[in-house]
>>> print(open('data-v6.csv').read())   # CSV, C-alpha atoms
chain,number,residue,atom,x,y,z
L,1,MET,CA,145.3,39.1,142.0
L,2,THR,CA,143.3,40.6,144.8
L,3,GLY,CA,139.7,39.8,145.5
L,4,ILE,CA,138.4,42.6,143.4
L,5,ARG,CA,136.0,41.4,140.9
L,6,VAL,CA,135.4,43.6,137.9
L,7,THR,CA,132.2,43.2,136.0
L,8,HIS,CA,131.0,45.0,133.0
L,9,PRO,CA,128.2,47.4,134.1
L,10,ALA,CA,126.1,46.2,131.1
L,11,ARG,CA,126.1,42.8,132.6
L,12,ASN,CA,124.5,44.1,135.8
L,13,ARG,CA,121.9,46.0,133.9
L,14,MET,CA,121.0,43.2,131.5
L,15,SER,CA,120.5,40.7,134.3
L,16,VAL,CA,116.9,41.9,134.6
L,17,ALA,CA,115.0,41.1,131.4
L,18,PRO,CA,113.3,44.2,129.9
L,19,LYS,CA,109.5,44.2,130.2
L,20,ASN,CA,108.7,47.0,128.0
L,21,LEU,CA,110.1,49.6,125.6
L,22,GLU,CA,110.9,52.0,128.5
L,23,ASP,CA,113.1,49.3,130.1
L,24,VAL,CA,114.9,48.7,126.9
L,25,PHE,CA,115.5,52.5,126.5
L,26,ASN,CA,116.8,52.7,130.1
L,27,ILE,CA,119.2,49.8,129.6
L,28,PHE,CA,120.3,51.3,126.4
L,29,LYS,CA,121.0,54.7,128.0
L,30,GLN,CA,123.1,53.1,130.7
L,31,ILE,CA,125.3,51.1,128.5
L,32,ALA,CA,125.6,53.7,125.7
L,33,TYR,CA,129.1,54.7,126.9
L,34,ALA,CA,130.4,51.4,125.5
L,35,PRO,CA,132.5,52.2,122.4
L,36,GLY,CA,131.2,49.3,120.4
L,37,ILE,CA,127.6,50.3,120.9
L,38,LEU,CA,128.4,53.9,120.2
L,39,ASN,CA,130.1,52.9,117.0
L,40,LEU,CA,127.0,50.9,116.0
L,41,ILE,CA,124.8,53.9,116.6
L,42,TYR,CA,127.1,56.2,114.7
L,43,GLN,CA,127.2,53.9,111.8
L,44,THR,CA,123.4,53.5,111.7
L,45,LEU,CA,122.9,57.2,111.9
L,46,SER,CA,125.5,57.8,109.2
L,47,ILE,CA,123.8,55.4,106.9
L,48,LEU,CA,120.5,57.2,107.4
L,49,LYS,CA,122.2,60.5,106.9
L,50,SER,CA,124.0,59.5,103.7
L,51,LEU,CA,120.7,58.2,102.3
L,52,LEU,CA,119.2,61.6,102.9
L,53,HIS,CA,122.2,63.4,101.6
L,54,PRO,CA,123.6,61.5,98.6
L,55,ASN,CA,126.3,64.1,97.9
L,56,ARG,CA,129.3,62.4,99.4
L,57,PRO,CA,132.4,64.5,100.0
L,58,GLU,CA,135.3,63.5,98.0
L,59,ILE,CA,137.2,64.0,101.1
L,60,SER,CA,135.1,61.6,103.1
L,61,THR,CA,136.8,60.8,106.2
L,62,THR,CA,135.6,57.6,107.7
L,63,PRO,CA,136.5,54.1,106.7
L,64,PRO,CA,133.9,52.0,104.8
L,65,LEU,CA,131.3,50.1,106.8
L,66,PRO,CA,132.4,46.5,107.5
L,67,HIS,CA,129.4,45.2,105.5
L,68,SER,CA,130.0,47.4,102.5
L,69,GLN,CA,130.6,45.6,99.3
L,70,ASN,CA,132.4,48.6,98.0
L,71,SER,CA,136.1,48.4,97.8
L,72,LYS,CA,136.5,51.2,95.3
L,73,MET,CA,134.7,53.9,97.1
L,74,SER,CA,137.7,56.3,96.9
L,75,CYS,CA,138.0,56.2,93.1
L,76,LEU,CA,136.0,58.7,91.2
L,77,ASP,CA,136.5,59.2,87.5
L,78,PHE,CA,137.1,62.9,87.4
L,79,SER,CA,136.9,63.2,83.7
L,80,ASN,CA,133.4,61.6,83.5
L,81,ALA,CA,132.0,62.2,87.0
L,82,ARG,CA,128.3,61.6,87.2
L,83,ARG,CA,128.1,63.5,90.5
L,84,PRO,CA,129.6,66.7,91.8
L,85,ILE,CA,133.2,66.5,92.8
L,86,GLU,CA,133.6,67.6,96.3
L,87,ALA,CA,136.9,69.5,96.7
L,88,GLY,CA,138.0,70.6,100.2
L,89,VAL,CA,140.8,72.9,101.2
L,90,ILE,CA,142.2,71.9,104.5
L,91,LEU,CA,143.2,75.0,106.5
L,92,LEU,CA,145.7,74.4,109.3
L,93,GLY,CA,147.3,77.1,111.4
L,94,SER,CA,148.1,80.1,109.3
L,95,MET,CA,148.6,79.2,105.6
L,96,GLU,CA,149.9,81.1,102.7
L,97,ILE,CA,147.3,82.5,100.3
L,98,LEU,CA,149.2,81.6,97.2
L,99,ASP,CA,149.4,78.0,98.4
L,100,VAL,CA,145.6,77.7,98.7
L,101,ALA,CA,144.9,79.9,95.7
L,102,PRO,CA,145.4,77.2,93.0
L,103,ILE,CA,141.9,75.8,93.9
L,104,ASP,CA,140.6,78.8,92.0
L,105,LEU,CA,142.0,77.3,88.8
L,106,LEU,CA,139.7,74.3,89.4
L,107,HIS,CA,136.8,76.6,90.1
L,108,GLY,CA,137.5,78.4,86.9
L,109,ILE,CA,137.0,75.3,84.7
L,110,SER,CA,134.0,74.1,86.6
L,111,LYS,CA,130.3,74.5,85.8
L,112,ASN,CA,130.1,77.3,88.4
L,113,VAL,CA,131.9,79.7,86.1
L,114,ASP,CA,130.2,80.9,83.0
L,115,ILE,CA,132.6,83.5,81.8
L,116,LEU,CA,135.0,81.4,79.8
L,117,PRO,CA,134.5,82.0,76.1
L,118,ILE,CA,133.9,78.4,75.2
L,119,THR,CA,131.6,76.5,73.0
L,120,ASP,CA,128.4,74.9,74.4
L,121,GLU,CA,129.8,71.5,73.7
L,122,LEU,CA,132.9,72.2,75.8
L,123,LYS,CA,130.8,73.9,78.5
L,124,ALA,CA,128.8,70.6,78.8
L,125,LYS,CA,132.0,68.8,79.6
L,126,ALA,CA,132.8,71.1,82.5
L,127,PRO,CA,132.9,69.3,85.8
L,128,GLU,CA,130.6,70.2,88.7
L,129,ILE,CA,132.9,71.0,91.6
L,130,ASN,CA,131.8,72.1,95.1
L,131,ILE,CA,134.6,73.7,97.0
L,132,HIS,CA,134.8,73.6,100.8
L,133,TRP,CA,137.0,75.4,103.2
L,134,ILE,CA,137.8,73.3,106.2
L,135,THR,CA,139.0,74.1,109.6
L,136,GLU,CA,138.9,72.0,112.8
L,137,GLU,CA,136.1,73.8,114.5
L,138,GLY,CA,134.7,75.8,111.6
L,139,GLU,CA,136.5,78.9,112.9
L,140,PRO,CA,137.8,81.5,110.5
L,141,SER,CA,141.4,80.9,109.3
L,142,LYS,CA,143.9,83.7,109.2
L,143,LEU,CA,146.2,83.4,106.2
L,144,SER,CA,149.3,85.3,105.1
L,145,SER,CA,149.0,89.0,104.2
L,146,ASN,CA,146.4,89.6,106.8
L,147,ILE,CA,143.6,87.8,105.0
L,148,THR,CA,141.0,85.8,106.8
L,149,ILE,CA,139.0,83.0,105.3
L,150,GLN,CA,135.7,81.9,106.9
L,151,ALA,CA,135.5,78.1,106.9
L,152,THR,CA,132.4,76.6,105.2
L,153,VAL,CA,132.6,73.4,107.0
L,154,HIS,CA,134.4,71.9,110.0
L,155,ILE,CA,136.1,68.6,110.5
L,156,GLY,CA,133.5,67.3,113.0
L,157,SER,CA,130.6,67.6,110.5
L,158,LEU,CA,132.6,65.8,107.8
L,159,PHE,CA,133.3,62.9,110.2
L,160,PHE,CA,129.6,62.5,110.6
L,161,ARG,CA,128.3,62.7,107.1
L,162,SER,CA,130.9,61.0,105.1
L,163,ILE,CA,130.0,57.3,104.9
L,164,SER,CA,129.5,56.2,101.4
L,165,LEU,CA,127.5,53.1,100.5
L,166,THR,CA,128.2,52.8,96.8
L,167,THR,CA,131.0,53.4,94.4
L,168,SER,CA,128.8,55.0,91.9
L,169,ASN,CA,130.3,57.5,89.6
U,1,MET,CA,146.4,72.3,101.5
U,2,GLY,CA,149.3,74.7,101.8
U,3,ALA,CA,152.2,75.7,104.0
U,4,TYR,CA,151.5,76.9,107.6
U,5,LEU,CA,153.8,79.0,109.8
U,6,PRO,CA,156.5,76.9,111.5
U,7,SER,CA,155.2,78.0,114.9
U,8,TYR,CA,152.1,76.0,114.3
U,9,THR,CA,151.8,72.3,115.1
U,10,PRO,CA,148.8,70.5,113.6
U,11,THR,CA,146.5,68.9,116.2
U,12,SER,CA,145.9,65.2,116.2
U,13,THR,CA,142.3,65.8,115.0
U,14,GLU,CA,143.7,67.7,112.0
U,15,LEU,CA,146.3,65.0,111.2
U,16,ASP,CA,143.7,62.3,111.6
U,17,PHE,CA,141.5,64.1,109.2
U,18,VAL,CA,144.4,64.5,106.7
U,19,ARG,CA,144.9,60.7,106.9
U,20,LYS,CA,141.3,59.8,106.5
U,21,SER,CA,140.9,62.3,103.7
U,22,TYR,CA,143.8,60.7,101.9
U,23,ALA,CA,142.4,57.2,102.4
U,24,ASN,CA,139.0,58.2,101.0
U,25,CYS,CA,139.8,60.7,98.3
U,26,THR,CA,140.6,60.3,94.6
U,27,ALA,CA,143.3,63.0,94.6
U,28,PHE,CA,145.2,64.6,97.4
U,29,ILE,CA,147.1,67.8,96.6
U,30,ALA,CA,149.7,69.2,99.0
U,31,ILE,CA,150.9,72.6,97.7
U,32,CYS,CA,154.4,73.9,98.7
U,33,GLY,CA,155.0,73.5,102.4
U,34,GLY,CA,151.6,71.7,102.6
U,35,MET,CA,153.7,68.6,102.2
U,36,MET,CA,154.8,69.0,105.9
U,37,ALA,CA,151.3,68.2,107.2
U,38,ALA,CA,151.1,65.3,104.8
U,39,GLN,CA,154.5,64.1,106.0
U,40,LEU,CA,153.5,64.5,109.7
U,41,ALA,CA,150.3,62.5,109.0
U,42,GLY,CA,152.5,59.8,107.5
U,43,ILE,CA,150.8,59.7,104.1
U,44,LEU,CA,154.1,60.4,102.2
U,45,VAL,CA,155.8,57.2,103.5
U,46,GLY,CA,156.9,55.0,100.6
U,47,LYS,CA,156.0,57.7,98.1
U,48,THR,CA,157.9,59.9,95.7
U,49,ALA,CA,157.4,63.6,96.5
U,50,THR,CA,158.9,67.0,96.3
U,51,ALA,CA,159.0,70.0,98.4
U,52,PRO,CA,160.4,73.6,98.3
U,53,ARG,CA,163.8,73.2,96.6
U,54,PHE,CA,165.9,74.5,99.4
U,55,ILE,CA,164.7,71.9,102.0
U,56,ILE,CA,165.0,68.8,99.8
U,57,PRO,CA,168.6,68.0,100.9
U,58,VAL,CA,167.5,68.2,104.5
U,59,LEU,CA,164.4,66.0,103.9
U,60,GLN,CA,166.5,63.4,102.0
U,61,LYS,CA,168.7,63.1,105.1
U,62,GLN,CA,166.0,63.3,107.8
U,63,ASP,CA,163.2,61.4,106.2
U,64,PRO,CA,164.4,58.8,103.7
U,65,ARG,CA,161.0,57.0,104.0
U,66,THR,CA,159.9,59.2,101.1
U,67,THR,CA,161.8,59.5,97.9
U,68,TRP,CA,162.4,63.3,97.6
U,69,VAL,CA,162.9,64.5,94.0
U,70,ASP,CA,164.0,67.9,92.8
U,71,ARG,CA,161.2,68.9,90.4
U,72,ARG,CA,158.5,71.6,90.2
U,73,TRP,CA,155.8,69.0,90.9
U,74,VAL,CA,155.4,65.3,91.4
U,75,ARG,CA,152.5,62.9,91.1
U,76,ASP,CA,152.7,59.5,92.8
U,77,GLY,CA,149.4,57.8,92.4
U,78,LYS,CA,146.8,60.0,94.0
U,79,MET,CA,149.3,62.1,95.9
U,80,TRP,CA,150.4,65.4,94.3
U,81,THR,CA,153.2,67.6,95.7
U,82,ASN,CA,155.1,70.6,94.4
U,83,GLY,CA,158.0,72.9,95.1
U,84,ALA,CA,157.8,76.4,96.6
U,85,LEU,CA,154.7,78.6,96.2
U,86,LEU,CA,153.8,79.3,92.6
U,87,ASN,CA,155.0,75.8,91.5
U,88,GLY,CA,151.5,75.0,92.8
U,89,LEU,CA,150.1,76.6,89.7
U,90,ASP,CA,152.2,74.3,87.6
U,91,LEU,CA,150.9,71.4,89.6
U,92,MET,CA,147.3,72.5,89.3
U,93,GLY,CA,147.7,73.1,85.5
U,94,ALA,CA,149.0,69.6,85.1
U,95,PHE,CA,146.3,68.2,87.3
U,96,MET,CA,143.5,69.8,85.3
U,97,LYS,CA,145.1,68.8,82.0
U,98,THR,CA,145.2,65.2,83.2
U,99,TYR,CA,141.4,65.1,83.8
U,100,TRP,CA,139.9,67.8,81.6
U,101,PRO,CA,142.5,68.4,78.8
U,102,GLU,CA,140.4,70.6,76.5
U,103,LEU,CA,139.0,72.9,79.2
U,104,ALA,CA,142.4,73.1,81.0
U,105,GLU,CA,144.2,74.1,77.8
U,106,LEU,CA,141.8,76.8,77.1
U,107,ALA,CA,141.7,78.1,80.6
U,108,ALA,CA,145.5,78.1,80.8
U,109,ARG,CA,145.8,80.0,77.6
U,110,VAL,CA,143.1,82.6,78.3
U,111,GLY,CA,144.2,82.9,82.0
U,112,ALA,CA,147.9,83.1,81.0
U,113,LEU,CA,149.0,80.2,83.1
U,114,PRO,CA,152.8,80.2,82.6
U,115,VAL,CA,154.0,77.2,80.6
U,116,ARG,CA,157.3,75.8,81.7
U,117,SER,CA,159.2,72.5,82.1
U,118,VAL,CA,158.6,70.4,85.2
U,119,GLU,CA,162.4,70.4,85.6
U,120,TYR,CA,164.0,73.3,87.3
U,121,VAL,CA,166.5,75.3,85.2
U,122,GLY,CA,169.7,76.7,86.7
U,123,ASN,CA,169.1,78.1,90.2
U,124,ASP,CA,165.3,78.4,89.9
U,125,GLY,CA,163.8,77.9,93.3
U,126,CYS,CA,167.1,78.4,95.1
U,127,PRO,CA,167.7,81.3,97.5
>>> encode(input="data-v6.csv", output="structure tokens")
Amino acid sequence: MTGIRVTHPARNRMSVAPKNLEDVFNIFKQIAYAPGILNLIYQTLSILKSLLHPNRPEISTTPPLPHSQNSKMSCLDFSNARRPIEAGVILLGSMEILDVAPIDLLHGISKNVDILPITDELKAKAPEINIHWITEEGEPSKLSSNITIQATVHIGSLFFRSISLTTSN
Amino acid sequence: MGAYLPSYTPTSTELDFVRKSYANCTAFIAICGGMMAAQLAGILVGKTATAPRFIIPVLQKQDPRTTWVDRRWVRDGKMWTNGALLNGLDLMGAFMKTYWPELAELAARVGALPVRSVEYVGNDGCP
């Protein structure tokens, strides 16, 4: 090994004890590149965000928080769901319309559609389904037969808002 | 998700999203060639799945990590896959009947969803 000594920049910064809030903020700013810290910030913000927006996507994309008690967060009872089912259609490249079309069958039996000639009793059993069209950047997706679908959400936003804290149905 | 043109290769962000969606969802439906993205993402490993009929022999040879079966649609746990194109309607019909039987029956009847066996007959699905 040569005589080069590598020290973590944070160590240098932290060697002077912070005297006030501004000091803390400055230190924080300087070590914020560290992946561990970023992850902590991300998780904290995500908790806050999910508390503000309790509708969790069914297609939630990040793993459970380490301290979460919840091991069943991915199992929703579709038949008796007590919250809206979030259904996402992932659009990659140029897809075939008829391949993504079956989602419309789900839409057809959901609470969103009121035209089926069914009894009120049956209508009450209809699931609430929110349908999302997902592309990487939220850009429109060109499908077969020259049809273009405008995404309703992009992957980046789903990464951010998808932490669930509870299993609840 | 559905089939994309062979000239397209999903990005790592997209495949990562597919993986994480699968991990966190209650049901993942890959329609027709949509199973290719699922395969690329690795979520079909150790599972039973199907694909457009004419590529099943190729898949059986090239990717034996998955058990490829010759049926209109297949469910393995929370992973649902189907054969070419409109077999996706069969899959979706079965999916809806699993969770909302009365509504699905009614909608299928009123909407004229074709009712047919999950098994292919003759050279259905073959070029």
>>> residues_around(input="data-v6.csv", residues="segment 93-109 of chain U", least_positions_apart="4", cutoff="6 Å", atoms="only C-alpha atoms", output="number ranges by chain")
L: 79; U: 89, 113
>>> closest_residue(input="data-v6.csv", among="L:Ala81, L:Leu92, L:Ile109, L:Ile149", to="Leu122 of chain L", atoms="all atoms listed in the file")
L:Ile109
>>> residues_around(input="data-v6.csv", residues="Ile115 of chain L", least_positions_apart="6", cutoff="12 Å", atoms="only C-alpha atoms", output="compact mmCIF listing (two decimals) with C-alpha atoms, in the frame of the given file")
# COMPACT_ATOMS: atom_id res chain seq x y z
CA HIS L 107 136.80 76.60 90.10
CA GLY L 108 137.50 78.40 86.90
CA ILE L 109 137.00 75.30 84.70
CA LYS L 123 130.80 73.90 78.50
CA ALA U 107 141.70 78.10 80.60
CA VAL U 110 143.10 82.60 78.30
CA GLY U 111 144.20 82.90 82.00
>>> residues_around(input="data-v6.csv", residues="Thr13 of chain U", least_positions_apart="6", cutoff="10 Å", atoms="only C-alpha atoms", output="JSON, numbers by chain")
{"L": [136, 155, 156], "U": [19]}
>>> atom_distance(input="data-v6.csv", atom1="atom CA of Val89 of chain L", atom2="atom CA of Met1 of chain U")
5.6 Å
>>> interface_residues(input="data-v6.csv", of="chain U", to="chain L", cutoff="6 Å", atoms="all atoms listed in the file", output="compact mmCIF listing (two decimals) with C-alpha atoms, in the coordinates of the input")
# COMPACT_ATOMS: atom_id res chain seq x y z
CA MET U 1 146.40 72.30 101.50
CA GLY U 2 149.30 74.70 101.80
CA ALA U 3 152.20 75.70 104.00
CA TYR U 4 151.50 76.90 107.60
CA LEU U 5 153.80 79.00 109.80
CA TYR U 8 152.10 76.00 114.30
CA LYS U 20 141.30 59.80 106.50
CA SER U 21 140.90 62.30 103.70
CA ASN U 24 139.00 58.20 101.00
CA CYS U 25 139.80 60.70 98.30
CA THR U 26 140.60 60.30 94.60
CA ILE U 31 150.90 72.60 97.70
CA LEU U 85 154.70 78.60 96.20
CA LEU U 89 150.10 76.60 89.70
CA TYR U 99 141.40 65.10 83.80
CA TRP U 100 139.90 67.80 81.60
>>> atom_distance(input="data-v6.csv", atom1="atom CA of Arg83 of chain L", atom2="atom CA of Glu128 of chain L")
7.4 Å
>>> axis_aligned_box(input="data-v6.csv", around="segment 14-17 of chain U", padding_each_side="5 Å", output="JSON")
{"center_x": 143.9, "center_y": 65.0, "center_z": 110.6, "size_x": 14.8, "size_y": 15.4, "size_z": 12.8}
>>> atom_distance(input="data-v6.csv", atom1="atom CA of Arg71 of chain U", atom2="atom CA of Glu119 of chain U")
5.2 Å
>>> residues_around(input="data-v6.csv", residues="Thr81 of chain U", least_positions_apart="3", cutoff="6 Å", atoms="all atoms listed in the file", output="short mmCIF file (atom, residue, chain, number, x, y, z; two decimals) with C-alpha atoms, keeping the file's coordinate frame")
data_model
loop_
_atom_site.label_atom_id
_atom_site.label_comp_id
_atom_site.auth_asym_id
_atom_site.auth_seq_id
_atom_site.Cartn_x
_atom_site.Cartn_y
_atom_site.Cartn_z
CA ALA U 30 149.70 69.20 99.00
CA ILE U 31 150.90 72.60 97.70
CA ALA U 49 157.40 63.60 96.50
CA THR U 50 158.90 67.00 96.30
CA TRP U 73 155.80 69.00 90.90
CA VAL U 74 155.40 65.30 91.40
#
